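With compact mmCIF, N, CA and C atoms inside, this is upload36.txt:
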# COMPACT_ATOMS: atom_id res chain seq x y z
N MET H 30 0.85 -1.18 0.00
CA MET H 30 0.00 0.00 0.00
C MET H 30 0.89 1.24 0.00
N ARG H 31 0.56 2.18 -0.86
CA ARG H 31 1.35 3.41 -0.98
C ARG H 31 1.10 4.33 0.21
N ARG H 32 2.02 5.24 0.42
CA ARG H 32 1.94 6.13 1.58
C ARG H 32 0.66 6.97 1.61
N PRO H 33 0.23 7.60 0.50
CA PRO H 33 -1.02 8.37 0.56
C PRO H 33 -2.22 7.51 0.95
N GLU H 34 -2.23 6.25 0.51
CA GLU H 34 -3.34 5.36 0.87
C GLU H 34 -3.31 5.00 2.35
N ARG H 35 -2.11 4.75 2.87
CA ARG H 35 -1.98 4.47 4.31
C ARG H 35 -2.40 5.68 5.13
N MET H 36 -1.95 6.85 4.69
CA MET H 36 -2.29 8.09 5.40
C MET H 36 -3.80 8.32 5.35
N ALA H 37 -4.42 8.06 4.22
CA ALA H 37 -5.87 8.25 4.07
C ALA H 37 -6.64 7.37 5.05
N GLU H 38 -6.25 6.12 5.16
CA GLU H 38 -6.93 5.21 6.08
C GLU H 38 -6.74 5.64 7.54
N THR H 39 -5.53 6.04 7.88
CA THR H 39 -5.26 6.52 9.24
C THR H 39 -6.07 7.77 9.53
N LEU H 40 -6.11 8.70 8.57
CA LEU H 40 -6.89 9.93 8.75
C LEU H 40 -8.37 9.62 8.89
N ARG H 41 -8.89 8.69 8.09
CA ARG H 41 -10.32 8.35 8.18
C ARG H 41 -10.67 7.87 9.58
N GLU H 42 -9.85 6.99 10.13
CA GLU H 42 -10.10 6.49 11.48
C GLU H 42 -10.01 7.61 12.51
N GLU H 43 -8.99 8.43 12.42
CA GLU H 43 -8.78 9.49 13.40
C GLU H 43 -9.85 10.57 13.32
N ILE H 44 -10.19 10.98 12.10
CA ILE H 44 -11.21 12.02 11.94
C ILE H 44 -12.58 11.50 12.36
N SER H 45 -12.85 10.23 12.13
CA SER H 45 -14.10 9.63 12.60
C SER H 45 -14.21 9.74 14.12
N GLU H 46 -13.11 9.45 14.80
CA GLU H 46 -13.08 9.55 16.26
C GLU H 46 -13.29 10.99 16.72
N ILE H 47 -12.59 11.92 16.08
CA ILE H 47 -12.68 13.33 16.48
C ILE H 47 -14.10 13.86 16.25
N VAL H 48 -14.66 13.61 15.07
CA VAL H 48 -16.00 14.10 14.76
C VAL H 48 -17.03 13.42 15.67
N GLY H 49 -16.85 12.14 15.92
CA GLY H 49 -17.82 11.39 16.71
C GLY H 49 -17.78 11.66 18.19
N TYR H 50 -16.59 11.94 18.74
CA TYR H 50 -16.46 12.01 20.19
C TYR H 50 -15.92 13.32 20.74
N GLU H 51 -15.14 14.06 19.97
CA GLU H 51 -14.52 15.27 20.51
C GLU H 51 -15.28 16.54 20.16
N LEU H 52 -15.97 16.55 19.05
CA LEU H 52 -16.76 17.73 18.68
C LEU H 52 -18.13 17.61 19.34
N GLU H 53 -18.51 18.61 20.09
CA GLU H 53 -19.76 18.52 20.83
C GLU H 53 -20.89 19.30 20.18
N ASP H 54 -20.79 19.54 18.90
CA ASP H 54 -21.83 20.26 18.16
C ASP H 54 -22.97 19.30 17.83
N PRO H 55 -24.20 19.59 18.27
CA PRO H 55 -25.32 18.68 18.00
C PRO H 55 -25.62 18.52 16.51
N ARG H 56 -25.21 19.47 15.69
CA ARG H 56 -25.44 19.35 14.25
C ARG H 56 -24.62 18.22 13.64
N LEU H 57 -23.61 17.75 14.36
CA LEU H 57 -22.72 16.72 13.83
C LEU H 57 -23.07 15.32 14.34
N ALA H 58 -24.20 15.19 15.01
CA ALA H 58 -24.58 13.89 15.58
C ALA H 58 -24.81 12.84 14.50
N ALA H 59 -25.28 13.24 13.33
CA ALA H 59 -25.62 12.28 12.28
C ALA H 59 -24.59 12.27 11.15
N VAL H 60 -23.34 12.58 11.47
CA VAL H 60 -22.28 12.63 10.45
C VAL H 60 -21.42 11.37 10.54
N THR H 61 -21.17 10.75 9.40
CA THR H 61 -20.30 9.57 9.32
C THR H 61 -19.24 9.80 8.26
N VAL H 62 -17.99 9.62 8.63
CA VAL H 62 -16.89 9.75 7.67
C VAL H 62 -16.83 8.45 6.87
N THR H 63 -16.96 8.56 5.54
CA THR H 63 -16.99 7.37 4.70
C THR H 63 -15.68 7.12 3.95
N ASP H 64 -14.98 8.20 3.60
CA ASP H 64 -13.78 8.03 2.79
C ASP H 64 -12.87 9.24 2.96
N VAL H 65 -11.58 9.01 2.78
CA VAL H 65 -10.60 10.10 2.78
C VAL H 65 -9.67 9.85 1.61
N ARG H 66 -9.41 10.90 0.86
CA ARG H 66 -8.46 10.82 -0.26
C ARG H 66 -7.37 11.86 0.00
N VAL H 67 -6.14 11.40 -0.03
CA VAL H 67 -5.00 12.27 0.25
C VAL H 67 -4.22 12.50 -1.03
N SER H 68 -3.79 13.74 -1.24
CA SER H 68 -3.00 14.05 -2.43
C SER H 68 -1.65 13.36 -2.36
N GLU H 69 -1.01 13.23 -3.51
CA GLU H 69 0.29 12.55 -3.59
C GLU H 69 1.34 13.20 -2.69
N ASP H 70 1.29 14.53 -2.55
CA ASP H 70 2.28 15.22 -1.73
C ASP H 70 1.87 15.29 -0.26
N LEU H 71 0.74 14.68 0.10
CA LEU H 71 0.23 14.60 1.47
C LEU H 71 -0.13 15.95 2.08
N ARG H 72 -0.31 16.96 1.25
CA ARG H 72 -0.63 18.29 1.76
C ARG H 72 -2.13 18.54 1.90
N ASP H 73 -2.93 17.83 1.13
CA ASP H 73 -4.38 18.03 1.14
C ASP H 73 -5.09 16.70 1.32
N ALA H 74 -6.21 16.77 2.04
CA ALA H 74 -7.03 15.57 2.22
C ALA H 74 -8.49 15.95 2.03
N ASN H 75 -9.17 15.21 1.17
CA ASN H 75 -10.61 15.38 0.98
C ASN H 75 -11.30 14.35 1.85
N ILE H 76 -12.17 14.83 2.74
CA ILE H 76 -12.88 13.96 3.65
C ILE H 76 -14.33 13.90 3.20
N TYR H 77 -14.81 12.71 2.87
CA TYR H 77 -16.18 12.52 2.40
C TYR H 77 -17.03 12.02 3.54
N VAL H 78 -18.17 12.69 3.76
CA VAL H 78 -19.05 12.35 4.87
C VAL H 78 -20.48 12.14 4.38
N VAL H 79 -21.18 11.26 5.09
CA VAL H 79 -22.61 11.07 4.88
C VAL H 79 -23.31 11.75 6.04
N VAL H 80 -24.33 12.55 5.74
CA VAL H 80 -25.08 13.25 6.76
C VAL H 80 -26.53 12.81 6.67
N GLU H 81 -27.08 12.34 7.79
CA GLU H 81 -28.49 11.94 7.83
C GLU H 81 -29.35 13.17 8.08
N GLY H 82 -30.58 13.12 7.60
CA GLY H 82 -31.52 14.21 7.84
C GLY H 82 -31.99 14.86 6.56
N ASP H 83 -32.78 15.92 6.72
CA ASP H 83 -33.27 16.63 5.55
C ASP H 83 -32.19 17.58 5.02
N GLU H 84 -32.48 18.23 3.93
CA GLU H 84 -31.49 19.08 3.25
C GLU H 84 -30.98 20.19 4.16
N GLU H 85 -31.85 20.77 4.96
CA GLU H 85 -31.45 21.85 5.88
C GLU H 85 -30.47 21.34 6.94
N GLU H 86 -30.74 20.15 7.48
CA GLU H 86 -29.85 19.55 8.48
C GLU H 86 -28.49 19.20 7.85
N LYS H 87 -28.52 18.76 6.62
CA LYS H 87 -27.28 18.43 5.92
C LYS H 87 -26.42 19.68 5.72
N LYS H 88 -27.06 20.77 5.32
CA LYS H 88 -26.33 22.02 5.13
C LYS H 88 -25.76 22.53 6.45
N ALA H 89 -26.54 22.42 7.53
CA ALA H 89 -26.07 22.85 8.85
C ALA H 89 -24.88 22.01 9.31
N ALA H 90 -24.94 20.72 9.08
CA ALA H 90 -23.84 19.83 9.48
C ALA H 90 -22.57 20.15 8.69
N MET H 91 -22.71 20.37 7.39
CA MET H 91 -21.53 20.69 6.58
C MET H 91 -20.93 22.03 7.01
N SER H 92 -21.78 22.98 7.35
CA SER H 92 -21.30 24.27 7.83
C SER H 92 -20.53 24.09 9.15
N ALA H 93 -21.06 23.26 10.03
CA ALA H 93 -20.40 22.99 11.31
C ALA H 93 -19.05 22.31 11.08
N LEU H 94 -19.00 21.37 10.16
CA LEU H 94 -17.73 20.69 9.86
C LEU H 94 -16.70 21.67 9.32
N ARG H 95 -17.13 22.51 8.40
CA ARG H 95 -16.19 23.49 7.83
C ARG H 95 -15.70 24.45 8.91
N GLY H 96 -16.56 24.79 9.86
CA GLY H 96 -16.16 25.66 10.96
C GLY H 96 -15.19 24.99 11.91
N ALA H 97 -15.25 23.68 12.01
CA ALA H 97 -14.39 22.93 12.93
C ALA H 97 -13.13 22.41 12.27
N THR H 98 -12.91 22.76 11.01
CA THR H 98 -11.78 22.22 10.25
C THR H 98 -10.44 22.47 10.93
N SER H 99 -10.20 23.69 11.40
CA SER H 99 -8.89 23.98 12.02
C SER H 99 -8.71 23.18 13.31
N PHE H 100 -9.78 23.03 14.10
CA PHE H 100 -9.70 22.22 15.32
C PHE H 100 -9.38 20.77 14.97
N VAL H 101 -10.09 20.22 14.00
CA VAL H 101 -9.88 18.83 13.59
C VAL H 101 -8.45 18.65 13.09
N ARG H 102 -7.97 19.58 12.32
CA ARG H 102 -6.61 19.49 11.78
C ARG H 102 -5.58 19.50 12.92
N ARG H 103 -5.76 20.39 13.91
CA ARG H 103 -4.85 20.43 15.06
C ARG H 103 -4.87 19.11 15.83
N GLN H 104 -6.08 18.57 16.04
CA GLN H 104 -6.20 17.31 16.77
C GLN H 104 -5.55 16.17 16.02
N VAL H 105 -5.72 16.14 14.70
CA VAL H 105 -5.09 15.11 13.87
C VAL H 105 -3.56 15.20 14.03
N ALA H 106 -3.03 16.40 13.96
CA ALA H 106 -1.58 16.59 14.08
C ALA H 106 -1.09 16.12 15.45
N LEU H 107 -1.82 16.47 16.50
CA LEU H 107 -1.43 16.06 17.85
C LEU H 107 -1.55 14.55 18.04
N ASN H 108 -2.70 13.99 17.68
CA ASN H 108 -2.96 12.58 17.92
C ASN H 108 -2.07 11.65 17.09
N LEU H 109 -1.74 12.08 15.87
CA LEU H 109 -0.92 11.24 14.99
C LEU H 109 0.55 11.66 15.00
N ASN H 110 0.87 12.67 15.83
CA ASN H 110 2.24 13.16 15.95
C ASN H 110 2.81 13.55 14.59
N LEU H 111 2.05 14.36 13.86
CA LEU H 111 2.46 14.83 12.54
C LEU H 111 3.03 16.23 12.65
N HIS H 112 4.16 16.45 12.00
CA HIS H 112 4.73 17.79 11.97
C HIS H 112 3.90 18.70 11.07
N HIS H 113 3.45 18.18 9.94
CA HIS H 113 2.60 18.92 9.01
C HIS H 113 1.36 18.08 8.72
N ALA H 114 0.24 18.49 9.29
CA ALA H 114 -1.02 17.80 9.00
C ALA H 114 -1.55 18.33 7.67
N PRO H 115 -2.19 17.50 6.89
CA PRO H 115 -2.73 17.97 5.61
C PRO H 115 -3.89 18.96 5.82
N HIS H 116 -4.10 19.81 4.85
CA HIS H 116 -5.25 20.70 4.86
C HIS H 116 -6.48 19.83 4.61
N LEU H 117 -7.51 20.01 5.42
CA LEU H 117 -8.70 19.17 5.34
C LEU H 117 -9.81 19.87 4.58
N HIS H 118 -10.45 19.13 3.68
CA HIS H 118 -11.55 19.65 2.89
C HIS H 118 -12.72 18.68 3.02
N PHE H 119 -13.79 19.11 3.69
CA PHE H 119 -14.95 18.25 3.89
C PHE H 119 -15.92 18.37 2.72
N ALA H 120 -16.46 17.23 2.29
CA ALA H 120 -17.43 17.20 1.20
C ALA H 120 -18.45 16.10 1.49
N ARG H 121 -19.68 16.34 1.03
CA ARG H 121 -20.72 15.33 1.20
C ARG H 121 -20.49 14.17 0.25
N ASP H 122 -20.64 12.98 0.78
CA ASP H 122 -20.57 11.76 -0.03
C ASP H 122 -22.00 11.44 -0.44
N THR H 123 -22.30 11.66 -1.70
CA THR H 123 -23.69 11.49 -2.17
C THR H 123 -23.92 10.15 -2.84
N VAL H 124 -22.96 9.27 -2.78
CA VAL H 124 -23.09 7.96 -3.43
C VAL H 124 -24.30 7.21 -2.88
N GLU H 125 -24.44 7.18 -1.55
CA GLU H 125 -25.56 6.45 -0.95
C GLU H 125 -26.90 7.11 -1.29
N GLU H 126 -26.92 8.44 -1.29
CA GLU H 126 -28.15 9.16 -1.64
C GLU H 126 -28.55 8.83 -3.08
N ASN H 127 -27.58 8.87 -3.98
CA ASN H 127 -27.86 8.58 -5.39
C ASN H 127 -28.31 7.13 -5.57
N ALA H 128 -27.69 6.22 -4.84
CA ALA H 128 -28.08 4.81 -4.92
C ALA H 128 -29.52 4.62 -4.46
N ALA H 129 -29.90 5.31 -3.40
CA ALA H 129 -31.28 5.21 -2.89
C ALA H 129 -32.27 5.75 -3.92
N LYS H 130 -31.91 6.86 -4.58
CA LYS H 130 -32.79 7.43 -5.60
C LYS H 130 -32.95 6.46 -6.77
N ILE H 131 -31.85 5.88 -7.20
CA ILE H 131 -31.90 4.93 -8.32
C ILE H 131 -32.73 3.71 -7.95
N GLU H 132 -32.55 3.23 -6.74
CA GLU H 132 -33.32 2.07 -6.28
C GLU H 132 -34.81 2.39 -6.27
N SER H 133 -35.16 3.58 -5.83
CA SER H 133 -36.55 4.01 -5.80
C SER H 133 -37.13 4.07 -7.22
N ILE H 134 -36.38 4.61 -8.15
CA ILE H 134 -36.82 4.70 -9.55
C ILE H 134 -37.00 3.31 -10.14
N LEU H 135 -36.06 2.42 -9.87
CA LEU H 135 -36.16 1.05 -10.38
C LEU H 135 -37.39 0.33 -9.81
N GLU H 136 -37.70 0.58 -8.54
CA GLU H 136 -38.89 -0.03 -7.93
C GLU H 136 -40.15 0.49 -8.61
N GLU H 137 -40.19 1.79 -8.89
CA GLU H 137 -41.35 2.37 -9.58
C GLU H 137 -41.52 1.74 -10.96
N ILE H 138 -40.42 1.60 -11.68
CA ILE H 138 -40.48 1.00 -13.02
C ILE H 138 -40.97 -0.44 -12.92
N SER H 139 -40.47 -1.15 -11.94
CA SER H 139 -40.87 -2.54 -11.75
C SER H 139 -42.36 -2.63 -11.43
N GLU H 140 -42.86 -1.74 -10.58
CA GLU H 140 -44.29 -1.72 -10.24
C GLU H 140 -45.13 -1.39 -11.47
N ASP H 141 -44.67 -0.41 -12.25
CA ASP H 141 -45.40 -0.04 -13.46
C ASP H 141 -45.44 -1.20 -14.45
N THR H 142 -44.34 -1.91 -14.58
CA THR H 142 -44.27 -3.07 -15.47
C THR H 142 -45.21 -4.17 -14.98
N ASP H 143 -45.22 -4.41 -13.66
CA ASP H 143 -46.11 -5.42 -13.09
C ASP H 143 -47.58 -5.05 -13.34
N ASN H 144 -47.91 -3.79 -13.14
CA ASN H 144 -49.29 -3.33 -13.37
C ASN H 144 -49.68 -3.45 -14.82
N THR H 145 -48.78 -3.15 -15.74
CA THR H 145 -49.06 -3.26 -17.16
C THR H 145 -49.25 -4.73 -17.54
N ASP H 146 -48.44 -5.61 -16.99
CA ASP H 146 -48.58 -7.05 -17.27
C ASP H 146 -49.91 -7.58 -16.75
N ASN H 147 -50.32 -7.11 -15.58
CA ASN H 147 -51.61 -7.56 -14.99
C ASN H 147 -52.80 -7.11 -15.83
N THR H 148 -52.72 -5.90 -16.41
CA THR H 148 -53.82 -5.40 -17.23
C THR H 148 -53.94 -6.20 -18.52
N LYS H 149 -52.82 -6.63 -19.08
CA LYS H 149 -52.84 -7.41 -20.31
C LYS H 149 -53.49 -8.77 -20.08
N GLU H 150 -53.31 -9.34 -18.86
CA GLU H 150 -53.88 -10.65 -18.58
C GLU H 150 -55.39 -10.60 -18.47
N LEU H 151 -55.93 -9.45 -18.04
CA LEU H 151 -57.39 -9.33 -17.88
C LEU H 151 -58.02 -9.24 -19.20

Go through the file and emit its structure as C-alpha cells.
Amino acid sequence: MRRPERMAETLREEISEIVGYELEDPRLAAVTVTDVRVSEDLRDANIYVVVEGDEEEKKAAMSALRGATSFVRRQVALNLNLHHAPHLHFARDTVEENAAKIESILEEISEDTDNTDNTKEL
C-alpha cells in the first residue's frame, strides 16, 4: 500500500473519532466519515461524509464541519504526531443518496411493469 493510501486510512479512522467524540456540536450527531483521499504530496485531504436528515440539516452539518476544520486538523496533528497535517476539505458523499434514488426509480419502473402485465392478462 502506498503512503497516501496508508495516510488516508489513518486519517479516516482518526477524523471519525474526532467528529464522533470530541466535537460537541449537535449538528454533527448524524455525520459519518466514509472516505478520505490524500493528495500525492500529502498536503491536502478530501474527507467525504454522509449526513443523515433533511437538506437543511445536511447544510447545517456541513457548515459545522467546515467551521471545525482547524480544530480537527490540530487534533489530527497532535494525535498522529504529525509535523505537518494535511489541509482538510470536507465534502458530502452522495453515493448512498444517489443509490437510494436509483433504487426508488427502479422499484417504480418494476411496479409499473407489473401493473401493465396484470392489465394485459385481464

DSSP on the backbone, then: every residue of chain H marked helix (DSSP H, G or I), written as a PyMOL selection string. chain H and resi 32-51+55-57+84-96+98-109+124-150

Any chance you could work out the axis-aligned box around region 117-130 of chain H, listed atoms only, 8 Å on each side, giving centre and edge lengths in Å to one decimal, as AutoDock Vina command-line options?
--center_x -20.2 --center_y 12.3 --center_z -0.7 --size_x 41.4 --size_y 31.4 --size_z 28.2

Quick one: distance from atom N of Glu38 (chain H) to atom N of Asp83 (chain H) in Å, one decimal?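 So the answer is 28.3 Å.
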
Identify which of the residues H:Asp122, H:Asp143, H:Glu85, H:Asp64 lies closest to Glu34 (chain H), counting only C-alpha atoms when measuring atom-to-atom distances.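 When distances to Glu34 (chain H) are compared using only C-alpha atoms, the smallest one comes from H:Asp64.
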
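Here the question is which of H:Glu126, H:Glu46, H:Glu137, H:Asp54 gets nearest to Ala93 (chain H) using only N, CA and C atoms, and that residue is H:Asp54.
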
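The nearest approach to Pro55 (chain H) among the residues H:Ala106, H:Ala90, H:Arg95, H:Ala114, with all atoms listed in the file taken into account, belongs to H:Ala90.
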
What separates atom C of Leu94 (chain H) and atom C of Arg32 (chain H) is a distance of 24.0 Å

Rounded to one decimal place, report the atom C of Leu109 (chain H)-atom C of Val78 (chain H) distance in Å.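 Interatomic distance, atom C of Leu109 (chain H) to atom C of Val78 (chain H): 23.6 Å.
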
Please provide as a list in words all residues within 10 Å of Ile44 (chain H), with the sequence filter that same-chain residues fewer than 6 positions apart are discarded (counting only C-alpha atoms). Glu38, Tyr50, Glu51, Thr61, Val62, Val65, Ile76, Val101, Arg102, Gln104 and Val105 of chain H

Show me, as a PyMOL selection string, the residues that have an atom within 7 Å of Val48 (chain H) when counting all atoms listed in the file, minus same-chain residues fewer than 5 positions from it. chain H and resi 43+53+57

Identify all residues of chain H in strand (DSSP E or B) (DSSP on the backbone) and supply them as a ChimeraX atom specification. /H:60-67,73-80,116-121

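Among the candidates H:Met91, H:Leu107, H:Ile131, H:Ala120, the residue lying nearest to Ala59 (chain H) is H:Met91 (atoms considered: only C-alpha atoms).
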
So that I can see what lies close to Pro33 (chain H), please list as a ChimeraX atom specification the residues with an atom at most 7 Å from it, counting only N, CA and C atoms and leaving out residues fewer than 3 positions away in the same chain. /H:30,36-38,66-69,71
